Amino acid sequence: PRDPNGTEALSEYRVVESFRDASLIEVRLRTGRRNQIRIQARLRGHTLVGEERYVYGPDTLRTIDFGRQALHAYRLRCQHPTDGRTMTFDAPTPKDFQDLLARLRRATH
């Protein structure tokens, strides 16, 4: 049931790649709520790799070792506050995240 005191949080997602124990997903936020991706994953019965707060199920299900939340904002887009033009910022995938993906791929094949 919906929380009558809750705030609307809209996201679209797609599975980019599936591994044996995890999936790489792309999320497009339609609203920008704090912890939105983490909370929505938890509500759907999933836990982000490296997540410690919004977890689902027993610890034995979280077997992938990663020192932080496996989240990466590769692109941020917003409106400039004074002239309204669209601003886009891209960030390369960090090395630790690339290493995690390589490890997941090896474990899958």
# chains A, B, ... in the order shown; residues from 1 in each chain; ligands from 1
call {"tool": "select_by_dssp", "arguments": {"residues": "chain A", "states": "alpha helix (DSSP H)", "output": "ChimeraX atom specification"}}
result
/A:36-43,95-108
call {"tool": "residues_around", "arguments": {"residues": "range 88-91 of chain A", "least_positions_apart": "6", "cutoff": "9 Å", "atoms": "only C-alpha atoms", "output": "PyMOL selection string"}}
result
chain A and resi 72-79
call {"tool": "write_last_selection", "arguments": {"atoms": "C-alpha atoms", "output": "compact mmCIF listing (two decimals), in the first residue's frame"}}
result
# COMPACT_ATOMS: atom_id res chain seq x y z
CA HIS A 72 27.60 5.35 -10.84
CA ALA A 73 26.03 8.45 -12.39
CA TYR A 74 27.58 8.38 -15.85
CA ARG A 75 25.48 11.31 -17.02
CA LEU A 76 23.78 14.14 -15.19
CA ARG A 77 21.55 16.58 -17.02
CA CYS A 78 19.95 19.68 -15.56
CA GLN A 79 18.70 23.13 -16.48
call {"tool": "residues_around", "arguments": {"residues": "Glu12 in chain A", "least_positions_apart": "6", "cutoff": "9 Å", "atoms": "only C-alpha atoms", "output": "PyMOL selection string"}}
result
chain A and resi 26-30
call {"tool": "residues_around", "arguments": {"residues": "Arg105 in chain A", "least_positions_apart": "5", "cutoff": "12 Å", "atoms": "only C-alpha atoms", "output": "MDAnalysis selection string"}}
result
chainID A and resid 17:24 98:100
call {"tool": "write_last_selection", "arguments": {"atoms": "C-alpha atoms", "output": "PDB file, in the first residue's frame"}}
result
ATOM      1  CA  GLU A  17      23.545  -7.075 -18.685  1.00  0.00           C
ATOM      2  CA  SER A  18      22.725 -10.105 -16.538  1.00  0.00           C
ATOM      3  CA  PHE A  19      25.276 -12.046 -14.506  1.00  0.00           C
ATOM      4  CA  ARG A  20      25.015 -15.179 -12.392  1.00  0.00           C
ATOM      5  CA  ASP A  21      24.410 -13.314  -9.122  1.00  0.00           C
ATOM      6  CA  ALA A  22      23.551  -9.775 -10.214  1.00  0.00           C
ATOM      7  CA  SER A  23      22.353  -7.521 -13.030  1.00  0.00           C
ATOM      8  CA  LEU A  24      23.700  -4.277 -14.422  1.00  0.00           C
ATOM      9  CA  GLN A  98      34.978  -1.665 -14.164  1.00  0.00           C
ATOM     10  CA  ASP A  99      36.844  -4.284 -12.124  1.00  0.00           C
ATOM     11  CA  LEU A 100      33.595  -5.370 -10.452  1.00  0.00           C
TER      12      LEU A 100
END
call {"tool": "select_by_dssp", "arguments": {"residues": "range 13-106 of chain A", "states": "strand (DSSP E or B)", "output": "PyMOL selection string"}}
result
chain A and resi 13-18+23-29+75-79+86-90
call {"tool": "write_last_selection", "arguments": {"atoms": "C-alpha atoms", "output": "PDB file, in the first residue's frame"}}
result
ATOM      1  CA  TYR A  13      15.035   1.197 -15.698  1.00  0.00           C
ATOM      2  CA  ARG A  14      16.310  -1.444 -18.095  1.00  0.00           C
ATOM      3  CA  VAL A  15      18.566  -4.433 -17.655  1.00  0.00           C
ATOM      4  CA  VAL A  16      21.812  -3.804 -19.547  1.00  0.00           C
ATOM      5  CA  GLU A  17      23.545  -7.075 -18.685  1.00  0.00           C
ATOM      6  CA  SER A  18      22.725 -10.105 -16.538  1.00  0.00           C
ATOM      7  CA  SER A  23      22.353  -7.521 -13.030  1.00  0.00           C
ATOM      8  CA  LEU A  24      23.700  -4.277 -14.422  1.00  0.00           C
ATOM      9  CA  ILE A  25      20.807  -1.869 -14.827  1.00  0.00           C
ATOM     10  CA  GLU A  26      20.448   1.614 -16.252  1.00  0.00           C
ATOM     11  CA  VAL A  27      18.098   3.889 -14.342  1.00  0.00           C
ATOM     12  CA  ARG A  28      16.592   7.137 -15.564  1.00  0.00           C
ATOM     13  CA  LEU A  29      15.269   9.234 -12.725  1.00  0.00           C
ATOM     14  CA  ARG A  75      25.476  11.306 -17.024  1.00  0.00           C
ATOM     15  CA  LEU A  76      23.782  14.144 -15.192  1.00  0.00           C
ATOM     16  CA  ARG A  77      21.553  16.581 -17.023  1.00  0.00           C
ATOM     17  CA  CYS A  78      19.948  19.682 -15.558  1.00  0.00           C
ATOM     18  CA  GLN A  79      18.703  23.131 -16.480  1.00  0.00           C
ATOM     19  CA  THR A  86      20.339  22.265 -20.674  1.00  0.00           C
ATOM     20  CA  MET A  87      23.648  21.315 -19.117  1.00  0.00           C
ATOM     21  CA  THR A  88      25.053  17.784 -19.449  1.00  0.00           C
ATOM     22  CA  PHE A  89      27.904  16.297 -17.451  1.00  0.00           C
ATOM     23  CA  ASP A  90      29.413  12.894 -18.300  1.00  0.00           C
TER      24      ASP A  90
END
call {"tool": "residues_around", "arguments": {"residues": "range 51-53 of chain A", "least_positions_apart": "4", "cutoff": "9 Å", "atoms": "only C-alpha atoms", "output": "PyMOL selection string"}}
result
chain A and resi 38+47+68-70
call {"tool": "residues_around", "arguments": {"residues": "Thr31 in chain A", "least_positions_apart": "3", "cutoff": "8 Å", "atoms": "only C-alpha atoms", "output": "PyMOL selection string"}}
result
chain A and resi 8-11
call {"tool": "atom_distance", "arguments": {"atom1": "CA of Gly6 in chain A", "atom2": "CA of Pro81 in chain A"}}
result
27.2 Å
call {"tool": "closest_residue", "arguments": {"among": "A:Leu71, A:Asp83, A:Asp65, A:Val55", "to": "Ile37 in chain A", "atoms": "only C-alpha atoms"}}
result
A:Leu71
call {"tool": "atom_distance", "arguments": {"atom1": "CA of Asn35 in chain A", "atom2": "CA of Tyr54 in chain A"}}
result
9.2 Å
